[in-house]
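Peer 1: Pasting in a structure now, in structure tokens, and then I'll have a few things to ask.
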Amino acid sequence: MAQQFKNLFSPIEVGPFTLPNRIVCTAHGTYYDEHASGLPGEKQTGYWVGKARGGTSLIMTEATFAHEHSYRNTFRSPQAVPMFKKAAEAVRAAGGRLVVQLVHVGVQTQAFPPSFIPWAASVVPGPRDW
């Protein structure tokens, strides 16, 4: 198979590192994170490590909120950097690289929880308000 898909199984430089192949796991929700905080716990880290052991060279986290007005501001927690670092190191030890998908849904979010007020950089209404 490697001969048939030479590019897929050949190294590629992405930013500051070289990936051993071009197999990528895109961001998707698993709900394995520590739900109240959005931080990667043992279950989430184990899921990513399993992907890396299986040959996935680049793994993207699920949506990670990164703004003080986000529903769940993951990076506001003092545990965020150490927990993501631990997960990234575990993935790297298994042969992969972990990147974080930063998200701010702006006015397109649903009121969740009901007391949450959506926030955006513009007062221009979104499609839900048209």
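Going through the structure tokens in order, the chains are called A, B, and so on, while each chain numbers its residues from 1 and the ligands are numbered from 1 in the order shown.
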For region 8-17 of chain A, find every residue with an atom within 12 Å (counting only C-alpha atoms), except residues of its own chain fewer than 4 positions away, and show them as an mmCIF file with all heavy atoms, in the first residue's frame.
Peer 2:
data_model
loop_
_atom_site.group_PDB
_atom_site.id
_atom_site.type_symbol
_atom_site.label_atom_id
_atom_site.label_comp_id
_atom_site.auth_asym_id
_atom_site.auth_seq_id
_atom_site.Cartn_x
_atom_site.Cartn_y
_atom_site.Cartn_z
ATOM 1 N N MET A 1 0.818 -1.195 0.000
ATOM 2 C CA MET A 1 0.000 0.000 0.000
ATOM 3 C C MET A 1 0.862 1.260 0.000
ATOM 4 O O MET A 1 0.492 2.246 -0.602
ATOM 5 C CB MET A 1 -0.952 0.002 1.193
ATOM 6 C CG MET A 1 -1.919 1.164 1.133
ATOM 7 S SD MET A 1 -3.045 1.342 2.511
ATOM 8 C CE MET A 1 -4.068 -0.073 2.354
ATOM 9 N N ALA A 2 1.992 1.213 0.694
ATOM 10 C CA ALA A 2 2.876 2.379 0.758
ATOM 11 C C ALA A 2 3.346 2.800 -0.633
ATOM 12 O O ALA A 2 3.510 3.979 -0.902
ATOM 13 C CB ALA A 2 4.064 2.101 1.661
ATOM 14 N N GLN A 3 3.541 1.829 -1.539
ATOM 15 C CA GLN A 3 3.959 2.153 -2.906
ATOM 16 C C GLN A 3 2.827 2.829 -3.673
ATOM 17 O O GLN A 3 3.053 3.727 -4.463
ATOM 18 C CB GLN A 3 4.398 0.886 -3.649
ATOM 19 C CG GLN A 3 5.802 0.456 -3.326
ATOM 20 C CD GLN A 3 6.813 1.536 -3.657
ATOM 21 O OE1 GLN A 3 7.196 2.308 -2.789
ATOM 22 N NE2 GLN A 3 7.223 1.608 -4.903
ATOM 23 N N GLN A 4 1.612 2.382 -3.424
ATOM 24 C CA GLN A 4 0.452 2.924 -4.126
ATOM 25 C C GLN A 4 0.146 4.355 -3.680
ATOM 26 O O GLN A 4 -0.314 5.167 -4.466
ATOM 27 C CB GLN A 4 -0.757 2.022 -3.886
ATOM 28 C CG GLN A 4 -1.959 2.385 -4.714
ATOM 29 C CD GLN A 4 -3.106 1.420 -4.472
ATOM 30 O OE1 GLN A 4 -3.017 0.497 -3.674
ATOM 31 N NE2 GLN A 4 -4.207 1.640 -5.170
ATOM 32 N N ASN A 21 4.288 11.028 8.259
ATOM 33 C CA ASN A 21 3.364 10.723 7.168
ATOM 34 C C ASN A 21 2.311 11.826 7.108
ATOM 35 O O ASN A 21 2.390 12.798 7.855
ATOM 36 C CB ASN A 21 2.721 9.341 7.358
ATOM 37 C CG ASN A 21 1.907 9.256 8.633
ATOM 38 O OD1 ASN A 21 1.034 10.074 8.894
ATOM 39 N ND2 ASN A 21 2.192 8.248 9.447
ATOM 40 N N ARG A 22 1.344 11.678 6.241
ATOM 41 C CA ARG A 22 0.328 12.722 6.044
ATOM 42 C C ARG A 22 -1.046 12.276 6.539
ATOM 43 O O ARG A 22 -2.073 12.775 6.080
ATOM 44 C CB ARG A 22 0.292 13.113 4.574
ATOM 45 C CG ARG A 22 1.630 13.692 4.147
ATOM 46 C CD ARG A 22 1.815 13.692 2.657
ATOM 47 N NE ARG A 22 3.199 14.011 2.338
ATOM 48 C CZ ARG A 22 3.572 14.911 1.452
ATOM 49 N NH1 ARG A 22 2.674 15.584 0.780
ATOM 50 N NH2 ARG A 22 4.849 15.133 1.231
ATOM 51 N N ILE A 23 -1.058 11.362 7.464
ATOM 52 C CA ILE A 23 -2.310 10.881 8.043
ATOM 53 C C ILE A 23 -2.689 11.817 9.188
ATOM 54 O O ILE A 23 -1.931 11.989 10.144
ATOM 55 C CB ILE A 23 -2.183 9.426 8.524
ATOM 56 C CG1 ILE A 23 -1.833 8.522 7.339
ATOM 57 C CG2 ILE A 23 -3.475 8.970 9.203
ATOM 58 C CD1 ILE A 23 -1.498 7.099 7.716
ATOM 59 N N VAL A 24 -3.869 12.416 9.058
ATOM 60 C CA VAL A 24 -4.322 13.438 10.000
ATOM 61 C C VAL A 24 -5.675 13.048 10.582
ATOM 62 O O VAL A 24 -6.552 12.565 9.870
ATOM 63 C CB VAL A 24 -4.443 14.808 9.292
ATOM 64 C CG1 VAL A 24 -5.015 15.865 10.211
ATOM 65 C CG2 VAL A 24 -3.093 15.248 8.750
ATOM 66 N N GLY A 55 -0.685 5.120 13.877
ATOM 67 C CA GLY A 55 -0.035 5.706 12.712
ATOM 68 C C GLY A 55 -0.474 7.105 12.338
ATOM 69 O O GLY A 55 0.041 7.683 11.378
ATOM 70 N N THR A 56 -1.429 7.676 13.064
ATOM 71 C CA THR A 56 -1.848 9.042 12.782
ATOM 72 C C THR A 56 -0.752 9.989 13.250
ATOM 73 O O THR A 56 -0.374 9.968 14.410
ATOM 74 C CB THR A 56 -3.181 9.371 13.486
ATOM 75 O OG1 THR A 56 -4.152 8.403 13.108
ATOM 76 C CG2 THR A 56 -3.667 10.756 13.140
ATOM 77 N N SER A 57 -0.267 10.829 12.342
ATOM 78 C CA SER A 57 0.871 11.673 12.729
ATOM 79 C C SER A 57 0.458 13.047 13.246
ATOM 80 O O SER A 57 1.194 13.657 14.014
ATOM 81 C CB SER A 57 1.843 11.828 11.562
ATOM 82 O OG SER A 57 1.237 12.519 10.499
ATOM 83 N N LEU A 58 -0.712 13.549 12.855
ATOM 84 C CA LEU A 58 -1.176 14.853 13.339
ATOM 85 C C LEU A 58 -2.597 14.707 13.853
ATOM 86 O O LEU A 58 -3.488 14.245 13.123
ATOM 87 C CB LEU A 58 -1.127 15.908 12.236
ATOM 88 C CG LEU A 58 -1.517 17.322 12.652
ATOM 89 C CD1 LEU A 58 -0.515 17.884 13.651
ATOM 90 C CD2 LEU A 58 -1.620 18.230 11.439
ATOM 91 N N ARG A 92 3.155 12.623 21.497
ATOM 92 C CA ARG A 92 4.465 12.661 20.841
ATOM 93 C C ARG A 92 5.259 11.381 21.126
ATOM 94 O O ARG A 92 5.912 10.828 20.233
ATOM 95 C CB ARG A 92 5.259 13.880 21.291
ATOM 96 C CG ARG A 92 6.536 14.044 20.512
ATOM 97 C CD ARG A 92 7.184 15.365 20.763
ATOM 98 N NE ARG A 92 8.350 15.507 19.908
ATOM 99 C CZ ARG A 92 9.176 16.502 19.983
ATOM 100 N NH1 ARG A 92 8.983 17.471 20.848
ATOM 101 N NH2 ARG A 92 10.223 16.561 19.182
ATOM 102 N N GLY A 96 3.067 10.747 17.382
ATOM 103 C CA GLY A 96 2.242 11.767 16.737
ATOM 104 C C GLY A 96 2.489 13.155 17.282
ATOM 105 O O GLY A 96 3.347 13.355 18.147
ATOM 106 N N ARG A 97 1.761 14.097 16.767
ATOM 107 C CA ARG A 97 1.781 15.479 17.242
ATOM 108 C C ARG A 97 0.345 15.907 17.503
ATOM 109 O O ARG A 97 -0.575 15.550 16.770
ATOM 110 C CB ARG A 97 2.403 16.420 16.212
ATOM 111 C CG ARG A 97 3.863 16.162 15.935
ATOM 112 C CD ARG A 97 4.705 16.545 17.142
ATOM 113 N NE ARG A 97 6.108 16.430 16.811
ATOM 114 C CZ ARG A 97 7.041 17.261 17.242
ATOM 115 N NH1 ARG A 97 6.736 18.253 18.043
ATOM 116 N NH2 ARG A 97 8.292 17.083 16.895
ATOM 117 N N LEU A 98 0.166 16.715 18.545
ATOM 118 C CA LEU A 98 -1.154 17.198 18.938
ATOM 119 C C LEU A 98 -1.222 18.699 18.718
ATOM 120 O O LEU A 98 -0.316 19.423 19.139
ATOM 121 C CB LEU A 98 -1.411 16.869 20.412
ATOM 122 C CG LEU A 98 -2.788 17.183 20.965
ATOM 123 C CD1 LEU A 98 -3.833 16.247 20.375
ATOM 124 C CD2 LEU A 98 -2.785 17.062 22.489
ATOM 125 N N VAL A 99 -2.271 19.158 18.055
ATOM 126 C CA VAL A 99 -2.507 20.585 17.892
ATOM 127 C C VAL A 99 -3.904 20.898 18.425
ATOM 128 O O VAL A 99 -4.809 20.066 18.366
ATOM 129 C CB VAL A 99 -2.370 21.051 16.426
ATOM 130 C CG1 VAL A 99 -0.933 20.911 15.945
ATOM 131 C CG2 VAL A 99 -3.319 20.325 15.516
#
Peer 1: As a PyMOL selection string, list the residues of region 2-52 of chain A assigned to strand (DSSP E or B) by DSSP on the backbone atoms of this structure.
Peer 2: chain A and resi 12-14+17-19+24-25+34+39
Peer 1: Near Thr45 (chain A), counting only C-alpha atoms, which residues have an atom at most 8 Å away, once you skip same-chain residues fewer than 6 positions from it, shown as a ChimeraX atom specification?
Peer 2: /A:87,90-91
Peer 1: Could you check which of A:Ala88, A:Ala94, A:Ser122, A:Phe75 is closest to Leu39 (chain A), using only C-alpha atoms?
Peer 2: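 Going through A:Ala88, A:Ala94, A:Ser122, A:Phe75 one by one, the smallest distance to Leu39 (chain A) is for A:Phe75.
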Peer 1: When you draw a straight line from CA of Cys25 (chain A) to CA of Ile59 (chain A), how long is it in Å?
Peer 2: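 Spanning CA of Cys25 (chain A) to CA of Ile59 (chain A) is a straight-line distance of 4.8 Å.
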Peer 1: Quick one: everything within 10 Å of Gly29 (chain A), counting only C-alpha atoms, minus sequence neighbours fewer than 4 positions away in the same chain. Send it as a CSV table (one decimal) with all heavy atoms, in the first residue's frame.
Peer 2:
chain,number,residue,atom,x,y,z
A,33,ASP,N,-13.4,14.6,27.2
A,33,ASP,CA,-12.7,15.6,28.0
A,33,ASP,C,-13.4,15.7,29.4
A,33,ASP,O,-14.4,15.1,29.6
A,33,ASP,CB,-12.7,16.9,27.3
A,33,ASP,CG,-14.1,17.5,27.1
A,33,ASP,OD1,-15.1,16.7,27.1
A,33,ASP,OD2,-14.2,18.7,26.8
A,61,THR,N,-7.2,18.5,18.5
A,61,THR,CA,-8.2,18.4,19.6
A,61,THR,C,-9.6,18.7,19.1
A,61,THR,O,-9.8,19.3,18.1
A,61,THR,CB,-7.8,19.3,20.8
A,61,THR,OG1,-8.0,20.7,20.4
A,61,THR,CG2,-6.4,19.1,21.2
A,62,GLU,N,-10.6,18.4,20.0
A,62,GLU,CA,-11.9,18.9,19.6
A,62,GLU,C,-12.0,20.4,20.0
A,62,GLU,O,-11.0,21.0,20.5
A,62,GLU,CB,-13.0,18.1,20.4
A,62,GLU,CG,-12.8,18.0,21.9
A,62,GLU,CD,-13.7,17.0,22.5
A,62,GLU,OE1,-13.4,15.8,22.3
A,62,GLU,OE2,-14.7,17.3,23.1
A,63,ALA,N,-13.1,21.0,19.6
A,63,ALA,CA,-13.2,22.5,19.8
A,63,ALA,C,-12.8,22.9,21.2
A,63,ALA,O,-13.3,22.4,22.2
A,63,ALA,CB,-14.7,22.9,19.5
Peer 1: Would you mind reading off the distance between CA of Ser37 (chain A) and CA of Ala93 (chain A), one decimal, in Å?
Peer 2: 25.1 Å
Peer 1: Near Gln79 (chain A), within 12 Å and counting only C-alpha atoms, which residues show up once chain neighbours fewer than 4 positions away are dropped, as a ChimeraX atom specification?
Peer 2: /A:34,37-41,74-75,83-86
Peer 1: What is the distance, in Å and to one decimal place, between CA of Tyr47 (chain A) and CA of Tyr32 (chain A)?
Peer 2: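 Those two atoms sit 8.2 Å apart.
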Peer 1: Rank nothing, just name the residue among A:Phe65, A:Gly46, A:Pro78, A:Ala52 nearest to Leu19 (chain A), using only C-alpha atoms.
Peer 2: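 Distance minimum relative to Leu19 (chain A) lands on A:Ala52.
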Peer 1: Just the residues within 8 Å of Ala66 (chain A), please, counting only C-alpha atoms, with nothing from its chain fewer than 2 positions along; format it as number ranges by chain.
Peer 2: A: 64, 68, 70, 73-76, 102-104
Peer 1: Grab the residues selected above and save them as a CSV table (one decimal), in the first residue's frame with N, CA and C atoms.
Peer 2:
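Result saved to selection37.csv:
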chain,number,residue,atom,x,y,z
A,64,THR,N,-11.9,23.8,21.3
A,64,THR,CA,-11.3,24.3,22.6
A,64,THR,C,-11.6,25.8,22.7
A,68,GLU,N,-12.7,34.8,27.0
A,68,GLU,CA,-13.4,34.9,28.3
A,68,GLU,C,-14.9,34.9,28.2
A,70,SER,N,-16.5,33.0,26.1
A,70,SER,CA,-17.0,31.7,25.5
A,70,SER,C,-17.7,30.9,26.6
A,73,ASN,N,-14.5,28.6,28.9
A,73,ASN,CA,-13.2,29.2,28.6
A,73,ASN,C,-12.1,28.2,29.1
A,74,THR,N,-11.8,27.3,28.3
A,74,THR,CA,-10.9,26.2,28.7
A,74,THR,C,-9.5,26.8,29.2
A,75,PHE,N,-9.0,27.7,28.5
A,75,PHE,CA,-7.6,28.2,28.8
A,75,PHE,C,-7.6,29.2,30.0
A,76,ARG,N,-8.7,29.5,30.6
A,76,ARG,CA,-8.8,30.3,31.8
A,76,ARG,C,-8.3,29.5,33.0
A,102,LEU,N,-8.6,26.0,18.3
A,102,LEU,CA,-9.2,27.1,19.1
A,102,LEU,C,-10.5,27.6,18.5
A,103,VAL,N,-11.5,27.8,19.3
A,103,VAL,CA,-12.8,28.1,18.9
A,103,VAL,C,-13.4,29.3,19.6
A,104,HIS,N,-14.1,30.2,18.9
A,104,HIS,CA,-15.0,31.2,19.5
A,104,HIS,C,-16.2,31.2,18.6
